[in-house]
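S.K.: Pasting query-v1.cif here (mmCIF, C-alpha atoms):
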```cif
data_upload
#
loop_
_atom_site.label_atom_id
_atom_site.label_comp_id
_atom_site.auth_asym_id
_atom_site.auth_seq_id
_atom_site.Cartn_x
_atom_site.Cartn_y
_atom_site.Cartn_z
CA GLY H 174 29.64 45.74 48.97
CA ALA H 175 28.08 45.64 52.38
CA VAL H 176 27.74 42.29 54.09
CA VAL H 177 25.23 40.85 56.49
CA SER H 178 26.54 37.77 58.22
CA GLN H 179 23.84 35.32 59.30
CA HIS H 180 24.42 32.31 61.55
CA PRO H 181 23.81 29.46 61.71
CA SER H 182 23.25 28.56 58.08
CA ARG H 183 21.50 25.36 59.01
CA VAL H 184 20.06 24.05 62.26
CA ILE H 185 18.21 20.90 63.17
CA CYS H 186 16.48 20.82 66.53
CA LYS H 187 13.98 18.82 68.49
CA SER H 188 10.42 19.99 68.92
CA GLY H 189 10.03 22.20 71.97
CA THR H 190 13.52 23.64 71.97
CA SER H 191 14.50 27.22 71.20
CA VAL H 192 16.76 28.34 68.39
CA LYS H 193 18.58 31.65 68.07
CA ILE H 194 19.55 33.11 64.71
CA GLU H 195 22.02 35.98 64.53
CA CYS H 196 22.49 38.61 61.90
CA ARG H 197 25.45 40.96 61.98
CA SER H 198 26.07 43.85 59.63
CA LEU H 199 29.81 43.73 59.12
CA ASP H 200 30.65 47.04 57.48
CA PHE H 201 27.62 49.25 57.92
CA GLN H 202 25.21 50.26 60.63
CA ALA H 203 21.84 48.65 60.15
CA THR H 204 19.32 51.07 61.58
CA THR H 205 16.55 48.73 60.53
CA MET H 206 16.55 44.96 60.25
CA PHE H 207 13.83 42.97 58.53
CA TRP H 208 13.18 39.30 59.21
CA TYR H 209 11.63 37.14 56.50
CA ARG H 210 10.48 33.54 56.35
CA GLN H 211 10.32 31.43 53.22
CA PHE H 212 8.59 28.09 52.91
CA PRO H 213 9.58 25.72 50.07
CA LYS H 214 8.69 27.02 46.63
CA GLN H 215 7.12 30.12 48.13
CA SER H 216 8.29 33.67 48.29
CA LEU H 217 9.71 35.58 51.20
CA MET H 218 7.15 36.70 53.73
CA LEU H 219 7.96 39.56 56.05
CA MET H 220 7.73 38.53 59.69
CA ALA H 221 8.84 41.62 61.54
CA THR H 222 10.69 44.90 61.35
CA SER H 223 13.06 45.99 64.05
CA ASN H 224 14.75 49.30 64.63
CA GLU H 225 17.82 49.53 66.81
CA GLY H 226 16.92 50.11 70.42
CA SER H 227 13.17 49.70 70.07
CA LYS H 228 10.63 46.92 70.03
CA ALA H 229 10.04 45.03 66.83
CA THR H 230 6.90 45.49 64.77
CA TYR H 231 5.35 42.18 63.81
CA GLU H 232 3.27 41.40 60.76
CA GLN H 233 -0.25 40.16 61.17
CA GLY H 234 -0.33 36.50 62.06
CA VAL H 235 3.21 36.36 63.43
CA GLU H 236 3.32 35.55 67.14
CA LYS H 237 5.62 38.00 68.89
CA ASP H 238 5.97 35.74 71.92
CA LYS H 239 7.12 32.89 69.74
CA PHE H 240 9.49 34.81 67.52
CA LEU H 241 11.56 37.02 69.79
CA ILE H 242 13.53 39.71 68.04
CA ASN H 243 16.28 41.73 69.62
CA HIS H 244 18.07 44.60 67.90
CA ALA H 245 20.23 45.89 70.70
CA SER H 246 22.92 47.43 68.54
CA LEU H 247 23.35 48.85 65.06
CA THR H 248 25.32 45.80 64.01
CA LEU H 249 23.46 42.91 65.60
CA SER H 250 19.92 41.59 65.45
CA THR H 251 18.73 38.21 66.67
CA LEU H 252 15.65 36.11 66.08
CA THR H 253 14.81 33.44 68.62
CA VAL H 254 12.26 30.81 67.72
CA THR H 255 10.92 29.68 71.07
CA SER H 256 9.44 26.23 71.64
CA ALA H 257 9.93 25.33 68.00
CA HIS H 258 7.53 22.95 66.30
CA PRO H 259 7.76 21.14 62.95
CA GLU H 260 5.54 23.76 61.30
CA ASP H 261 8.23 26.35 62.11
CA SER H 262 10.61 24.55 59.77
CA SER H 263 11.47 27.13 57.15
CA PHE H 264 14.18 29.28 55.63
CA TYR H 265 14.69 32.43 57.70
CA ILE H 266 16.46 35.43 56.18
CA CYS H 267 17.37 38.77 57.65
CA SER H 268 18.03 41.96 55.75
CA GLY H 269 19.54 45.14 57.04
CA THR H 270 19.40 48.68 55.77
CA THR H 271 20.91 52.02 56.60
CA GLY H 272 17.70 53.62 55.44
CA ASP H 273 18.78 54.29 51.88
CA HIS H 274 16.29 52.68 49.51
CA GLU H 275 18.71 50.69 47.44
CA LYS H 276 20.93 49.68 50.27
CA LEU H 277 19.09 46.65 51.56
CA PHE H 278 21.43 43.77 52.25
CA PHE H 279 20.38 40.19 52.87
CA GLY H 280 21.96 37.63 55.11
CA SER H 281 22.72 34.20 53.69
CA GLY H 282 19.71 32.62 55.38
CA THR H 283 19.14 29.94 57.99
CA GLN H 284 17.45 26.66 57.16
CA LEU H 285 15.61 25.52 60.28
CA SER H 286 14.39 21.96 60.52
CA VAL H 287 12.37 20.99 63.58
CA LEU H 288 11.99 17.28 64.18
CA GLY B 184 -2.00 46.29 51.20
CA GLN B 185 0.09 45.03 48.34
CA ASN B 186 -0.59 42.42 45.66
CA ILE B 187 2.17 41.29 43.34
CA ASP B 188 1.76 38.86 40.45
CA GLN B 189 4.40 37.18 38.33
CA PRO B 190 4.44 33.93 36.35
CA THR B 191 5.30 30.83 38.31
CA GLU B 192 7.65 29.21 35.82
CA MET B 193 9.38 30.01 32.56
CA THR B 194 11.71 28.08 30.28
CA ALA B 195 14.17 29.58 27.84
CA THR B 196 17.12 28.53 25.72
CA GLU B 197 20.75 29.33 26.35
CA GLY B 198 21.77 32.44 24.42
CA ALA B 199 18.22 33.68 24.05
CA ILE B 200 16.36 36.58 25.62
CA VAL B 201 13.63 36.21 28.23
CA GLN B 202 11.26 38.73 29.75
CA ILE B 203 9.74 38.17 33.17
CA ASN B 204 6.69 40.29 33.88
CA CYS B 205 5.43 41.60 37.19
CA THR B 206 2.24 43.46 37.95
CA TYR B 207 1.49 45.05 41.26
CA GLN B 208 -1.23 46.81 43.16
CA THR B 209 -0.10 48.85 46.11
CA SER B 210 -1.42 51.42 48.50
CA GLY B 211 1.92 53.20 48.56
CA PHE B 212 4.85 52.87 46.19
CA ASN B 213 8.48 53.62 46.93
CA GLY B 214 10.26 51.57 44.31
CA LEU B 215 10.34 48.14 42.69
CA PHE B 216 13.16 45.66 43.08
CA TRP B 217 14.19 42.54 41.22
CA TYR B 218 16.18 39.84 42.97
CA GLN B 219 17.71 36.58 41.82
CA GLN B 220 17.54 33.64 44.19
CA HIS B 221 19.12 30.23 43.82
CA ALA B 222 17.63 27.39 45.82
CA GLY B 223 18.64 27.50 49.47
CA GLU B 224 20.39 30.84 49.14
CA ALA B 225 19.54 34.42 49.97
CA PRO B 226 18.26 36.78 47.26
CA THR B 227 20.80 38.74 45.26
CA PHE B 228 19.95 42.30 44.25
CA LEU B 229 19.54 42.83 40.51
CA SER B 230 17.79 46.16 39.99
CA TYR B 231 15.80 48.99 41.48
CA ASN B 232 13.29 51.20 39.63
CA VAL B 233 11.47 54.11 41.17
CA LEU B 234 10.87 56.20 38.02
CA ASP B 235 9.23 55.10 34.78
CA GLY B 236 11.51 53.74 32.13
CA LEU B 237 14.23 51.25 31.45
CA GLU B 238 17.29 50.62 33.60
CA GLU B 239 20.06 48.62 31.97
CA LYS B 240 22.84 46.78 33.75
CA GLY B 241 24.85 44.55 31.49
CA ARG B 242 22.78 41.52 30.47
CA PHE B 243 19.95 42.55 32.77
CA SER B 244 17.43 45.34 32.20
CA SER B 245 14.39 46.32 34.20
CA PHE B 246 11.44 48.41 33.13
CA LEU B 247 8.81 50.19 35.17
CA SER B 248 5.47 51.80 34.38
CA ARG B 249 3.98 53.24 37.54
CA SER B 250 0.69 54.20 35.88
CA LYS B 251 0.17 50.61 34.76
CA GLY B 252 1.56 48.99 37.89
CA TYR B 253 3.83 46.96 35.65
CA SER B 254 7.45 45.98 35.51
CA TYR B 255 9.55 43.49 33.62
CA LEU B 256 13.00 42.03 33.96
CA LEU B 257 14.79 41.35 30.69
CA LEU B 258 17.64 38.86 30.60
CA LYS B 259 19.79 38.77 27.47
CA GLU B 260 22.32 36.21 26.25
CA LEU B 261 21.00 33.66 28.69
CA GLN B 262 23.49 31.42 30.42
CA MET B 263 22.88 28.15 32.22
CA LYS B 264 23.79 29.82 35.51
CA ASP B 265 20.81 32.15 35.06
CA SER B 266 18.54 29.25 36.03
CA ALA B 267 17.08 30.54 39.29
CA SER B 268 14.03 32.15 40.81
CA TYR B 269 13.48 35.82 40.06
CA LEU B 270 11.62 37.79 42.67
CA CYS B 271 9.75 41.01 42.06
CA ALA B 272 9.39 43.12 45.20
CA VAL B 273 7.75 46.42 45.98
CA MET B 274 8.78 48.79 48.73
CA ASP B 275 6.03 50.71 50.46
CA THR B 276 6.23 54.35 51.39
CA GLY B 277 5.99 53.88 55.12
CA ARG B 278 8.22 51.32 56.74
CA ARG B 279 10.51 50.58 53.78
CA ALA B 280 9.87 46.86 54.00
CA LEU B 281 9.67 44.83 50.81
CA THR B 282 6.67 42.82 49.73
CA PHE B 283 7.74 40.01 47.47
CA GLY B 284 5.92 38.32 44.64
CA SER B 285 5.83 34.55 44.61
CA GLY B 286 8.82 34.41 42.30
CA THR B 287 9.34 33.11 38.77
CA ARG B 288 11.42 29.95 38.40
CA LEU B 289 13.43 30.24 35.22
CA GLN B 290 14.91 27.14 33.65
CA VAL B 291 17.56 27.75 31.00
CA GLN B 292 18.00 24.82 28.65
CA PRO B 293 20.94 24.06 26.36
#
```
Spit out the file's structure as structure tokens when you get a sec.
M.R.:
Amino acid sequence: GAVVSQHPSRVICKSGTSVKIECRSLDFQATTMFWYRQFPKQSLMLMATSNEGSKATYEQGVEKDKFLINHASLTLSTLTVTSAHPEDSSFYICSGTTGDHEKLFFGSGTQLSVL
Amino acid sequence: GQNIDQPTEMTATEGAIVQINCTYQTSGFNGLFWYQQHAGEAPTFLSYNVLDGLEEKGRFSSFLSRSKGYSYLLLKELQMKDSASYLCAVMDTGRRALTFGSGTRLQVQP
């Protein structure tokens, strides 16, 4: 099956630093990439939707200047958490799709811990 | 908007059958998904229903009633490895993003 490679799997950083998370679709072209966030014992919450070559659409309450999303190619999307704070500590997961309903593939997730 | 409800926790015995229910209210419906998620890992796709009825895949079956806004995931012949969270998610008609329920943590006991 299709694979979305997400890196890093785990990152620990100091408060105020920026962290970049990458998601690559290895064997398909992801026309759309979704970014989710999951706090402990909670479900996945959609943060933003990005289409290749265009600006991301952010969900209500998600700061676009804090969570920078770039989807410059059909195989790569990045999420940068700028000036991270402890409350940004969470599990971040990307998912890519070709547009076909069933073909939504998740990355393995990134556990971000901000000290 | 979307509202999805599922039980928080369930416990079942190895070898038994368990049914996890999900109810939803949505302004636009383009299919319902079930995912399995182990702690610290990404969700794994289990099933997709867009029409009413039962979809069976081995030990897992999923049912949908669009008129009732209701779905269930049925797990048969439970195994210890089935202990995980099960997420119900609805896709809307516009942007194709998924809205997830809070998840049901299933504990399978010997």
S.K.: Translate the PyMOL selection byres ((chain H) within 9 of (chain B)) into a concrete residue list for this structure, as a PyMOL selection string.
M.R.: chain H and resi 207+214-219+222+264+266+272+274-275+277-284
S.K.: I need the output of the PyMOL selection byres ((chain H and resi 197) around 6) for this file as number ranges by chain; which residues are they?
M.R.: H: 177-178, 196, 198-199, 248-249
S.K.: Expressed in Å to a single decimal, how great is the separation between CA of Tyr255 in chain B and CA of Gln219 in chain B?
M.R.: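 We find that CA of Tyr255 in chain B and CA of Gln219 in chain B lie 13.5 Å from each other.
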S.K.: Enter the distance from CA of His180 in chain H to CA of Gly277 in chain B, in Å, rounded to one decimal.
M.R.: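 Between these atoms lies a distance of 29.1 Å.
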S.K.: How many Å lie between CA of Ile187 in chain B and CA of Trp217 in chain B, rounded to one decimal?
M.R.: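 Result for CA of Ile187 in chain B versus CA of Trp217 in chain B: 12.3 Å, one decimal.
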S.K.: Decode the PyMOL selection byres ((chain H and resi 188-193) around 8) for the given file into explicit residues and return them as a CSV table (one decimal) with C-alpha atoms, in the coordinates of the input.
M.R.:
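Final output, out-v6.csv:
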```
chain,number,residue,atom,x,y,z
H,186,CYS,CA,16.5,20.8,66.5
H,187,LYS,CA,14.0,18.8,68.5
H,194,ILE,CA,19.6,33.1,64.7
H,195,GLU,CA,22.0,36.0,64.5
H,251,THR,CA,18.7,38.2,66.7
H,252,LEU,CA,15.6,36.1,66.1
H,253,THR,CA,14.8,33.4,68.6
H,254,VAL,CA,12.3,30.8,67.7
H,255,THR,CA,10.9,29.7,71.1
H,256,SER,CA,9.4,26.2,71.6
H,257,ALA,CA,9.9,25.3,68.0
H,258,HIS,CA,7.5,23.0,66.3
H,259,PRO,CA,7.8,21.1,63.0
H,287,VAL,CA,12.4,21.0,63.6
H,288,LEU,CA,12.0,17.3,64.2
```
S.K.: Just give me the residues with any atom within 7 Å of (23.4, 36.9, 28.5), file coordinates, counting all atoms listed in the file, written as an NGL selection string.
M.R.: :B and (198 or 242 or 258-262)
S.K.: Those selected residues, please, written with C-alpha atoms and delivered as a PDB file, keeping the file's coordinate frame.
M.R.:
```pdb
ATOM      1  CA  GLY B 198      21.770  32.440  24.420  1.00  0.00           C
ATOM      2  CA  ARG B 242      22.780  41.520  30.470  1.00  0.00           C
ATOM      3  CA  LEU B 258      17.640  38.860  30.600  1.00  0.00           C
ATOM      4  CA  LYS B 259      19.790  38.770  27.470  1.00  0.00           C
ATOM      5  CA  GLU B 260      22.320  36.210  26.250  1.00  0.00           C
ATOM      6  CA  LEU B 261      21.000  33.660  28.690  1.00  0.00           C
ATOM      7  CA  GLN B 262      23.490  31.420  30.420  1.00  0.00           C
TER       8      GLN B 262
END
```
S.K.: Measuring between all atoms listed in the file, which one of H:Thr271, H:Asp261, H:Tyr209, H:Ser182 shows the shortest distance to Glu232 in chain H?
M.R.: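 Closest residue, counting all atoms listed in the file: H:Tyr209.
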S.K.: Give me the residues within 7 Å of Asn204 in chain B as a PDB file with C-alpha atoms, keeping the file's coordinate frame, counting only C-alpha atoms and dropping any in the same chain fewer than 2 places off.
M.R.:
```
ATOM      1  CA  GLN B 189       4.400  37.180  38.330  1.00  0.00           C
ATOM      2  CA  GLN B 202      11.260  38.730  29.750  1.00  0.00           C
ATOM      3  CA  THR B 206       2.240  43.460  37.950  1.00  0.00           C
ATOM      4  CA  SER B 254       7.450  45.980  35.510  1.00  0.00           C
ATOM      5  CA  TYR B 255       9.550  43.490  33.620  1.00  0.00           C
ATOM      6  CA  LEU B 256      13.000  42.030  33.960  1.00  0.00           C
TER       7      LEU B 256
END
```
